[in-house]
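Peer 1: Next up is a structure, given as structure tokens.
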Amino acid sequence: LLNINVGGKLFQIAHKVAARYPITRLGKLALYTDPMKKLQLCDDYSVQKNEYFFDRDPSIFHYIFHFYRSGVLWIMDEMCPSNFVEEIEYWGIHLKYSQRCCRMLFEEKQDELSEYLKIQKELEAELEPLDSAEHFEGKFLGRFRKMIWNLIENPYSSVPAKIIAVMSSIFVLISIVGMTLSTVEEMKHKMGKMWMEQLEMICAIFFTSEYLMRLISSSSFKNFLRAAFNAVDLVAILPFYIQILFENLDEGDTLYHEELNKMENVSKLGKVLKLIKLMRIFRILKLARHSTGLRAFGFTMRQCYQQVCCLLLFIAMGVFTFSALMHSVEHDVPGTNFTSIPYTWWWAAVSLSTVGYGDTVPDTVLGRVVAFGCISFGIILNGMPISILYNKFSDYYAKLKAHENET
């Protein structure tokens with residue numbers, strides 16, 4: 001018999017039984033005749049007891065011991081997959097010796113654990129600062145740049161940093177409110193327009209100074225420019241300066257062109273300026289920098305992009321299918337709005353989303369049957385991913401908040 005001591009517990013295995021599996025650690029121990037080779041396989045050896053000692057987990061070795069006796073490797077649900085794989089690799093036993101049902105459940109549990117660890121790592125990276133303290137060591141004005149970086153980027157570092165973070169959020173809200181009020185008819189008179197322009201200029205100056213402070217204090221310009229939040233900051237301030245540039249070009253054109261060309265240029269520049277002004281709405285994304293909820297929402301969309309794409313694919317299939325059916329049963333009705341399949345897409349889209357504006361409705365009984373099927377399909381389709389997305393969002397939000405509190 002082989003006397004095996006695993007973590008203080010004694011097991012006895014016959015040499016013939018262990019030798020059935022010569023590639024395993026105990027199989028080699030049973031077959032080797034050279035004492036030095038045997039000592040290399042174990043952690044210690046007691047001459048008095050003729051006992052081989054292994055400093056391993058005895059609770060898992062029970063399943064290894066059972067494998068040598070029965071030839072089947074059993075896997076229990078309560079075991080940690082990583083620990084179990086590490087142990088069986090040490091003993092030289094392959095997972096193929098386990099039953100197929102156990103192996104399938106174990107591999108599924110392994111995948112779940114790997115996915116969990118991957119998400120945990122990505123969540124930590126989400127909150128990990130772009131520049132840590134060691135990145136500033138040995139750099140030009142490293143201590144001063146680190147202080148400025150913490151002041152702008154890390155609101156939990158000091159009270160002034162928290163004040164700046166609050167001010168940044170307030171200026172974003174003021175900018176969005178100003179952009180909204182500028183479209184109100186009563187605010188388009190000369191005085192209101194002047195106030196809106198001054199407000200926009202103050203917000204643009206604040207955002208520009210904030211961006212420049214981040215850029216100057218960053219330890220790596222390359223990493224700074226690649227960061228998504230910094231790209232959002234750049235998009236938030238560019239429309240103001242592009243608008244000024246186009247307005248100056250507009251003034252230059254009025255001096256050197258004829259009247260007809262002036263009107264054409266003004267019309268073209270006006271459309272471009274409207275598009276550029278609309279880009280200011282992206283400033284609201286700046287709130288995600290200090291909002292755990294918005295960051296959790298973005299993280300959820302990134303993790304669930306496959307489910308979201310699958311949902312959009314099902315919606316597109318439903319729109320095409322039900323619009324074709326509705327057009328085939330309604331196109332002969334006098335005065336119908338379902339004159340073609342493309343015109344029917346709008347009806348199918350609002351019906352699948354269960355919004356149902358009622359601007360386009362079927363007149364025939366068969367058309368109403370098709371509409372009922374479309375609405376029923378939309379209810380089932382929209383109900384499936386909602387719970388998955390919400391559960392993941394609440395889970396990620398709780399984890400992000402926990403990581404923030406730890407930090």
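We label chains A, B, ... in the order they appear in the structure tokens, count residues from 1 in each chain, and number ligands from 1 in the order shown.
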Excluding Gly318 (chain A) and its own-chain neighbours fewer than 6 positions away, which residues fall within 9 Å of it when counting only C-alpha atoms? Please give them as JSON, numbers by chain.

Peer 2: {"A": [348, 349, 352, 374, 377, 378]}

Peer 1: What's around Asn230 (chain A) at 12 Å? Count only C-alpha atoms, leave out sequence neighbours fewer than 6 positions away in its own chain, and write the answer as a short mmCIF file (atom, residue, chain, number, x, y, z; two decimals) with all heavy atoms, in the first residue's frame.

Peer 2:
data_model
loop_
_atom_site.label_atom_id
_atom_site.label_comp_id
_atom_site.auth_asym_id
_atom_site.auth_seq_id
_atom_site.Cartn_x
_atom_site.Cartn_y
_atom_site.Cartn_z
N LEU A 130 -7.07 57.78 -14.52
CA LEU A 130 -6.23 57.72 -15.71
C LEU A 130 -4.76 57.87 -15.36
O LEU A 130 -3.89 57.26 -15.96
CB LEU A 130 -6.66 58.83 -16.68
CG LEU A 130 -5.99 58.85 -18.05
CD1 LEU A 130 -6.36 57.61 -18.84
CD2 LEU A 130 -6.36 60.11 -18.82
N GLU A 153 -9.58 66.18 -11.60
CA GLU A 153 -10.05 64.85 -11.98
C GLU A 153 -10.60 64.03 -10.83
O GLU A 153 -11.47 63.19 -11.03
CB GLU A 153 -8.87 64.09 -12.63
CG GLU A 153 -9.26 62.79 -13.31
CD GLU A 153 -10.07 63.01 -14.56
OE1 GLU A 153 -9.97 64.11 -15.13
OE2 GLU A 153 -10.81 62.09 -14.96
N PHE A 207 -15.35 75.70 -19.60
CA PHE A 207 -15.06 74.37 -20.13
C PHE A 207 -13.68 74.32 -20.78
O PHE A 207 -12.97 73.31 -20.66
CB PHE A 207 -16.13 73.96 -21.15
CG PHE A 207 -17.50 73.77 -20.57
CD1 PHE A 207 -18.64 74.12 -21.28
CD2 PHE A 207 -17.65 73.23 -19.30
CE1 PHE A 207 -19.89 73.94 -20.74
CE2 PHE A 207 -18.91 73.05 -18.75
CZ PHE A 207 -20.03 73.41 -19.48
N THR A 208 -13.30 75.40 -21.46
CA THR A 208 -11.98 75.45 -22.10
C THR A 208 -10.86 75.42 -21.06
O THR A 208 -9.88 74.68 -21.20
CB THR A 208 -11.86 76.70 -22.97
OG1 THR A 208 -12.94 76.72 -23.91
CG2 THR A 208 -10.54 76.70 -23.73
N GLU A 210 -11.03 74.30 -18.05
CA GLU A 210 -11.04 72.98 -17.41
C GLU A 210 -10.32 71.95 -18.29
O GLU A 210 -9.51 71.15 -17.81
CB GLU A 210 -12.49 72.55 -17.17
CG GLU A 210 -12.64 71.27 -16.38
CD GLU A 210 -14.09 70.83 -16.26
OE1 GLU A 210 -14.86 71.07 -17.21
OE2 GLU A 210 -14.46 70.27 -15.22
N TYR A 211 -10.59 71.99 -19.60
CA TYR A 211 -9.96 71.05 -20.52
C TYR A 211 -8.46 71.29 -20.60
O TYR A 211 -7.66 70.35 -20.60
CB TYR A 211 -10.60 71.18 -21.90
CG TYR A 211 -10.05 70.21 -22.92
CD1 TYR A 211 -10.50 68.90 -22.97
CD2 TYR A 211 -9.07 70.61 -23.83
CE1 TYR A 211 -10.01 68.00 -23.90
CE2 TYR A 211 -8.56 69.72 -24.76
CZ TYR A 211 -9.04 68.42 -24.80
OH TYR A 211 -8.53 67.53 -25.71
N LEU A 212 -8.05 72.55 -20.67
CA LEU A 212 -6.63 72.88 -20.76
C LEU A 212 -5.88 72.48 -19.49
O LEU A 212 -4.74 72.00 -19.55
CB LEU A 212 -6.44 74.37 -21.04
CG LEU A 212 -6.86 74.83 -22.44
CD1 LEU A 212 -6.73 76.35 -22.56
CD2 LEU A 212 -6.05 74.13 -23.52
N MET A 213 -6.52 72.65 -18.34
CA MET A 213 -5.88 72.23 -17.08
C MET A 213 -5.69 70.72 -17.05
O MET A 213 -4.66 70.22 -16.60
CB MET A 213 -6.72 72.70 -15.89
CG MET A 213 -6.67 74.20 -15.65
SD MET A 213 -7.76 74.74 -14.32
CE MET A 213 -6.90 74.08 -12.90
N ARG A 214 -6.68 69.99 -17.55
CA ARG A 214 -6.53 68.53 -17.62
C ARG A 214 -5.41 68.15 -18.59
O ARG A 214 -4.62 67.25 -18.31
CB ARG A 214 -7.84 67.89 -18.10
CG ARG A 214 -8.90 67.75 -17.03
CD ARG A 214 -9.96 66.76 -17.45
NE ARG A 214 -10.92 66.57 -16.37
CZ ARG A 214 -12.07 67.21 -16.26
NH1 ARG A 214 -12.40 68.09 -17.18
NH2 ARG A 214 -12.88 66.99 -15.25
N LEU A 215 -5.37 68.82 -19.73
CA LEU A 215 -4.36 68.50 -20.74
C LEU A 215 -2.95 68.79 -20.24
O LEU A 215 -2.03 67.98 -20.40
CB LEU A 215 -4.66 69.31 -22.01
CG LEU A 215 -3.71 69.11 -23.19
CD1 LEU A 215 -3.77 67.67 -23.68
CD2 LEU A 215 -4.04 70.07 -24.32
N SER A 218 -1.84 66.38 -17.34
CA SER A 218 -1.81 64.95 -17.63
C SER A 218 -0.37 64.47 -17.75
O SER A 218 0.50 65.16 -18.28
CB SER A 218 -2.57 64.66 -18.93
OG SER A 218 -2.43 63.32 -19.29
N PHE A 221 0.12 62.71 -22.75
CA PHE A 221 -0.81 63.34 -23.69
C PHE A 221 -1.49 62.30 -24.57
O PHE A 221 -2.67 62.45 -24.93
CB PHE A 221 -0.06 64.34 -24.57
CG PHE A 221 0.42 65.55 -23.82
CD1 PHE A 221 1.61 66.17 -24.16
CD2 PHE A 221 -0.31 66.07 -22.76
CE1 PHE A 221 2.06 67.28 -23.46
CE2 PHE A 221 0.11 67.17 -22.05
CZ PHE A 221 1.31 67.79 -22.40
N LYS A 222 -0.77 61.23 -24.90
CA LYS A 222 -1.34 60.19 -25.76
C LYS A 222 -2.52 59.51 -25.08
O LYS A 222 -3.59 59.34 -25.68
CB LYS A 222 -0.26 59.17 -26.10
CG LYS A 222 -0.70 58.10 -27.08
CD LYS A 222 0.45 57.14 -27.39
CE LYS A 222 -0.01 56.04 -28.34
NZ LYS A 222 1.10 55.08 -28.63
N ASN A 223 -2.34 59.11 -23.82
CA ASN A 223 -3.44 58.48 -23.08
C ASN A 223 -4.58 59.46 -22.83
O ASN A 223 -5.75 59.07 -22.81
CB ASN A 223 -2.93 57.93 -21.74
CG ASN A 223 -1.97 56.77 -21.92
OD1 ASN A 223 -2.01 56.09 -22.94
ND2 ASN A 223 -1.10 56.55 -20.95
N PHE A 224 -4.22 60.72 -22.63
CA PHE A 224 -5.23 61.75 -22.39
C PHE A 224 -6.14 61.90 -23.60
O PHE A 224 -7.37 61.96 -23.47
CB PHE A 224 -4.56 63.08 -22.06
CG PHE A 224 -5.52 64.21 -21.84
CD1 PHE A 224 -6.09 64.42 -20.59
CD2 PHE A 224 -5.86 65.06 -22.88
CE1 PHE A 224 -6.98 65.45 -20.38
CE2 PHE A 224 -6.75 66.10 -22.68
CZ PHE A 224 -7.31 66.29 -21.44
N ALA A 236 -17.56 69.22 -26.41
CA ALA A 236 -18.40 70.19 -25.70
C ALA A 236 -17.96 71.63 -25.94
O ALA A 236 -18.79 72.54 -25.90
CB ALA A 236 -18.39 69.89 -24.20
N ILE A 237 -16.67 71.85 -26.20
CA ILE A 237 -16.18 73.23 -26.35
C ILE A 237 -15.94 73.62 -27.81
O ILE A 237 -15.92 74.81 -28.12
CB ILE A 237 -14.87 73.44 -25.55
CG1 ILE A 237 -13.77 72.51 -26.04
CG2 ILE A 237 -15.12 73.25 -24.07
CD1 ILE A 237 -12.44 72.70 -25.36
N ARG A 283 -22.85 68.26 -24.38
CA ARG A 283 -22.28 68.67 -23.10
C ARG A 283 -22.90 67.93 -21.92
O ARG A 283 -22.28 67.80 -20.87
CB ARG A 283 -22.48 70.18 -22.91
CG ARG A 283 -21.59 71.02 -23.80
CD ARG A 283 -21.85 72.49 -23.62
NE ARG A 283 -21.02 73.29 -24.52
CZ ARG A 283 -21.13 74.59 -24.66
NH1 ARG A 283 -22.03 75.25 -23.96
NH2 ARG A 283 -20.34 75.25 -25.49
N LEU A 285 -23.26 64.94 -21.68
CA LEU A 285 -22.47 63.72 -21.42
C LEU A 285 -21.35 63.98 -20.43
O LEU A 285 -20.80 63.05 -19.86
CB LEU A 285 -21.89 63.20 -22.73
CG LEU A 285 -22.90 62.72 -23.78
CD1 LEU A 285 -22.19 62.29 -25.05
CD2 LEU A 285 -23.74 61.57 -23.24
N LYS A 286 -20.99 65.26 -20.23
CA LYS A 286 -19.97 65.59 -19.24
C LYS A 286 -20.41 65.20 -17.83
O LYS A 286 -19.58 64.98 -16.95
CB LYS A 286 -19.64 67.08 -19.27
CG LYS A 286 -18.81 67.51 -20.47
CD LYS A 286 -18.68 69.01 -20.55
CE LYS A 286 -17.93 69.58 -19.37
NZ LYS A 286 -16.50 69.20 -19.36
N ALA A 288 -21.58 62.50 -16.97
CA ALA A 288 -21.21 61.10 -16.70
C ALA A 288 -19.87 60.98 -16.00
O ALA A 288 -19.57 59.96 -15.39
CB ALA A 288 -21.19 60.31 -18.01
N ARG A 289 -19.03 62.05 -16.08
CA ARG A 289 -17.72 61.98 -15.44
C ARG A 289 -17.84 61.80 -13.94
O ARG A 289 -17.04 61.10 -13.31
CB ARG A 289 -16.93 63.25 -15.77
CG ARG A 289 -15.52 63.25 -15.24
CD ARG A 289 -14.84 64.56 -15.59
NE ARG A 289 -14.55 64.67 -17.01
CZ ARG A 289 -13.46 64.18 -17.57
NH1 ARG A 289 -12.56 63.52 -16.86
NH2 ARG A 289 -13.25 64.33 -18.87
#

Peer 1: Which distance in Å separates CA of Tyr305 (chain A) and CA of Leu173 (chain A), to one decimal?

Peer 2: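 For CA of Tyr305 (chain A) relative to CA of Leu173 (chain A), the distance reads 29.2 Å.
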
Peer 1: What lies within 12 Å of Ile4 (chain A) using only C-alpha atoms, ignoring chain neighbours under 6 positions off, as a PyMOL selection string?

Peer 2: chain A and resi 10-15+18+25-26+29-30+41-46+49-56+58+61-62+64-65

Peer 1: Convert the current residue selection to file output with C-alpha atoms, as a PDB file, in the first residue's frame.

Peer 2:
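Dumped everything to part36.pdb:
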ATOM      1  CA  LEU A  10      -3.897   9.631   5.938  1.00  0.00           C
ATOM      2  CA  PHE A  11      -5.031   7.735   2.817  1.00  0.00           C
ATOM      3  CA  GLN A  12      -3.961   4.252   1.681  1.00  0.00           C
ATOM      4  CA  ILE A  13      -3.961   3.248  -1.989  1.00  0.00           C
ATOM      5  CA  ALA A  14      -2.773  -0.069  -3.408  1.00  0.00           C
ATOM      6  CA  HIS A  15       0.232   0.096  -5.739  1.00  0.00           C
ATOM      7  CA  ALA A  18      -2.354   3.697  -8.549  1.00  0.00           C
ATOM      8  CA  ARG A  25       1.399  11.826  -9.762  1.00  0.00           C
ATOM      9  CA  LEU A  26       0.431   8.831  -7.608  1.00  0.00           C
ATOM     10  CA  LEU A  29       4.920   7.304  -7.308  1.00  0.00           C
ATOM     11  CA  ALA A  30       3.786   3.671  -7.505  1.00  0.00           C
ATOM     12  CA  LEU A  41       6.967  13.930  -6.483  1.00  0.00           C
ATOM     13  CA  CYS A  42       6.055  14.637  -2.840  1.00  0.00           C
ATOM     14  CA  ASP A  43       6.738  17.426  -0.329  1.00  0.00           C
ATOM     15  CA  ASP A  44       8.187  15.178   2.368  1.00  0.00           C
ATOM     16  CA  TYR A  45       8.723  11.522   3.284  1.00  0.00           C
ATOM     17  CA  SER A  46       8.627   9.794   6.689  1.00  0.00           C
ATOM     18  CA  LYS A  49       5.912   5.505   8.863  1.00  0.00           C
ATOM     19  CA  ASN A  50       6.752   4.888   5.189  1.00  0.00           C
ATOM     20  CA  GLU A  51       4.471   7.828   4.501  1.00  0.00           C
ATOM     21  CA  TYR A  52       4.509  10.345   1.641  1.00  0.00           C
ATOM     22  CA  PHE A  53       3.426  13.815   2.679  1.00  0.00           C
ATOM     23  CA  PHE A  54       1.677  16.279   0.342  1.00  0.00           C
ATOM     24  CA  ASP A  55       0.915  19.832   1.451  1.00  0.00           C
ATOM     25  CA  ARG A  56      -2.394  20.024  -0.440  1.00  0.00           C
ATOM     26  CA  PRO A  58      -7.357  17.137   1.935  1.00  0.00           C
ATOM     27  CA  PHE A  61      -8.160  14.859  -2.302  1.00  0.00           C
ATOM     28  CA  HIS A  62     -11.209  12.849  -1.172  1.00  0.00           C
ATOM     29  CA  ILE A  64      -8.982  12.179  -6.102  1.00  0.00           C
ATOM     30  CA  PHE A  65      -8.928   9.166  -3.767  1.00  0.00           C
TER      31      PHE A  65
END

Peer 1: At a cut-off of 9 Å, using only C-alpha atoms, what residues contact Leu389 (chain A)? Leave out same-chain residues fewer than 6 positions from it and give the result as a PyMOL selection string.

Peer 2: chain A and resi 300-301+304+307

Peer 1: Now that the selection is made, can you save its residues with N, CA and C atoms as a PDB file, in the first residue's frame?

Peer 2:
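Writing done, so here's out30.pdb:
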ATOM      1  N   THR A 300     -23.336  49.121 -18.695  1.00  0.00           N
ATOM      2  CA  THR A 300     -24.342  48.100 -18.989  1.00  0.00           C
ATOM      3  C   THR A 300     -24.531  47.949 -20.491  1.00  0.00           C
ATOM      4  N   MET A 301     -24.568  49.079 -21.210  1.00  0.00           N
ATOM      5  CA  MET A 301     -24.732  49.017 -22.666  1.00  0.00           C
ATOM      6  C   MET A 301     -23.532  48.332 -23.329  1.00  0.00           C
ATOM      7  N   CYS A 304     -23.828  44.555 -22.564  1.00  0.00           N
ATOM      8  CA  CYS A 304     -25.020  43.902 -23.128  1.00  0.00           C
ATOM      9  C   CYS A 304     -25.223  44.276 -24.592  1.00  0.00           C
ATOM     10  N   GLN A 307     -27.007  41.539 -26.662  1.00  0.00           N
ATOM     11  CA  GLN A 307     -28.448  41.448 -26.441  1.00  0.00           C
ATOM     12  C   GLN A 307     -29.185  42.620 -27.087  1.00  0.00           C
TER      13      GLN A 307
END

Peer 1: Give me the residues within 10 Å of Met79 (chain A) as a PyMOL selection string, counting only C-alpha atoms and dropping any in the same chain fewer than 3 places off.

Peer 2: chain A and resi 59-60+75-76+82-84+106

Peer 1: With all heavy atoms retained, export the selected residues as a JSON list (two decimals), in the first residue's frame.

Peer 2:
[["chain", "number", "residue", "atom", "x", "y", "z"],
["A", 59, "SER", "N", -9.61, 18.06, 1.59],
["A", 59, "SER", "CA", -11.03, 17.94, 1.24],
["A", 59, "SER", "C", -11.20, 17.62, -0.24],
["A", 59, "SER", "O", -12.08, 16.83, -0.61],
["A", 59, "SER", "CB", -11.77, 19.23, 1.60],
["A", 59, "SER", "OG", -11.22, 20.33, 0.89],
["A", 60, "ILE", "N", -10.37, 18.19, -1.10],
["A", 60, "ILE", "CA", -10.46, 17.89, -2.53],
["A", 60, "ILE", "C", -9.83, 16.54, -2.83],
["A", 60, "ILE", "O", -10.26, 15.83, -3.76],
["A", 60, "ILE", "CB", -9.81, 19.02, -3.36],
["A", 60, "ILE", "CG1", -10.61, 20.31, -3.19],
["A", 60, "ILE", "CG2", -9.70, 18.65, -4.83],
["A", 60, "ILE", "CD1", -10.09, 21.48, -3.97],
["A", 75, "ILE", "N", -17.49, 15.59, -9.31],
["A", 75, "ILE", "CA", -17.35, 17.03, -9.11],
["A", 75, "ILE", "C", -18.59, 17.53, -8.38],
["A", 75, "ILE", "O", -19.71, 17.33, -8.85],
["A", 75, "ILE", "CB", -17.20, 17.78, -10.45],
["A", 75, "ILE", "CG1", -16.06, 17.20, -11.27],
["A", 75, "ILE", "CG2", -16.96, 19.27, -10.21],
["A", 75, "ILE", "CD1", -15.96, 17.75, -12.68],
["A", 76, "MET", "N", -18.37, 18.17, -7.24],
["A", 76, "MET", "CA", -19.48, 18.71, -6.46],
["A", 76, "MET", "C", -19.67, 20.20, -6.76],
["A", 76, "MET", "O", -18.71, 20.93, -7.04],
["A", 76, "MET", "CB", -19.21, 18.51, -4.96],
["A", 76, "MET", "CG", -19.12, 17.04, -4.57],
["A", 76, "MET", "SD", -20.67, 16.19, -4.93],
["A", 76, "MET", "CE", -20.23, 14.49, -4.62],
["A", 82, "SER", "N", -11.79, 27.16, -9.85],
["A", 82, "SER", "CA", -10.36, 27.45, -10.02],
["A", 82, "SER", "C", -9.51, 26.58, -9.11],
["A", 82, "SER", "O", -8.48, 26.03, -9.52],
["A", 82, "SER", "CB", -10.10, 28.94, -9.73],
["A", 82, "SER", "OG", -10.83, 29.75, -10.60],
["A", 83, "ASN", "N", -9.95, 26.44, -7.84],
["A", 83, "ASN", "CA", -9.21, 25.63, -6.89],
["A", 83, "ASN", "C", -9.20, 24.15, -7.29],
["A", 83, "ASN", "O", -8.19, 23.46, -7.20],
["A", 83, "ASN", "CB", -9.81, 25.81, -5.49],
["A", 83, "ASN", "CG", -8.96, 25.18, -4.42],
["A", 83, "ASN", "OD1", -7.76, 24.99, -4.58],
["A", 83, "ASN", "ND2", -9.58, 24.82, -3.30],
["A", 84, "PHE", "N", -10.34, 23.67, -7.77],
["A", 84, "PHE", "CA", -10.46, 22.27, -8.14],
["A", 84, "PHE", "C", -9.58, 21.96, -9.36],
["A", 84, "PHE", "O", -8.89, 20.93, -9.39],
["A", 84, "PHE", "CB", -11.92, 21.93, -8.45],
["A", 84, "PHE", "CG", -12.15, 20.48, -8.75],
["A", 84, "PHE", "CD1", -12.13, 19.53, -7.75],
["A", 84, "PHE", "CD2", -12.38, 20.05, -10.05],
["A", 84, "PHE", "CE1", -12.34, 18.19, -8.02],
["A", 84, "PHE", "CE2", -12.58, 18.72, -10.34],
["A", 84, "PHE", "CZ", -12.56, 17.79, -9.32],
["A", 106, "PHE", "N", -19.76, 21.74, -14.59],
["A", 106, "PHE", "CA", -18.52, 22.34, -14.09],
["A", 106, "PHE", "C", -17.98, 23.38, -15.07],
["A", 106, "PHE", "O", -17.56, 24.47, -14.66],
["A", 106, "PHE", "CB", -17.48, 21.23, -13.86],
["A", 106, "PHE", "CG", -16.18, 21.73, -13.32],
["A", 106, "PHE", "CD1", -16.07, 22.08, -11.99],
["A", 106, "PHE", "CD2", -15.07, 21.85, -14.14],
["A", 106, "PHE", "CE1", -14.86, 22.54, -11.48],
["A", 106, "PHE", "CE2", -13.86, 22.30, -13.64],
["A", 106, "PHE", "CZ", -13.76, 22.65, -12.31]]

Peer 1: Could you tell me how far CA of Gly7 (chain A) sits from CA of Pro35 (chain A), in Å to one decimal place?

Peer 2: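 Computing the Euclidean distance for CA of Pro35 (chain A) and CA of Gly7 (chain A) yields 21.8 Å.
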
Peer 1: Using Å and a single decimal, report how far CA of Phe246 (chain A) sits from CA of Thr183 (chain A).

Peer 2: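 Between CA of Thr183 (chain A) and CA of Phe246 (chain A) the gap is 19.9 Å.
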
Peer 1: Using only C-alpha atoms, pick whichever of A:Ile281, A:Gly192, A:Leu245, A:Met201 has the shortest atom-to-atom distance to Val177 (chain A).

Peer 2: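 Answer, going by the shortest atom-to-atom distance: A:Ile281.
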
Peer 1: List the spatial neighbours of Ala296 (chain A) as JSON, numbers by chain - criterion: any atom at most 8 Å away, only C-alpha atoms, same-chain residues fewer than 4 positions off excluded.

Peer 2: {"A": [292, 300, 393, 396, 397, 400]}

Peer 1: Of the candidates A:Ile93, A:Ala402, A:Met194, A:Ile315, which shows the shortest atom-to-atom distance to Ile375 (chain A), using only C-alpha atoms?

Peer 2: A:Ile315

Peer 1: Counting only C-alpha atoms, which of A:Asp57, A:Lys38, A:Ile216, A:Val361 gets nearest to Lys9 (chain A)?

Peer 2: A:Asp57

Peer 1: Name the closest residue to Gln243 (chain A) among the candidates A:Ile148, A:Met279, A:Leu287, A:Leu225; distances are taken between atoms, counting only C-alpha atoms.

Peer 2: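 Ranking A:Ile148, A:Met279, A:Leu287, A:Leu225 by distance to Gln243 (chain A), first place goes to A:Met279.
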
Peer 1: Near Gly367 (chain A), counting only C-alpha atoms, which residues have an atom at most 12 Å away, once you skip same-chain residues fewer than 2 positions from it, shown as an NGL selection string?

Peer 2: :A and (322-333 or 336 or 338 or 360-365 or 369-374)
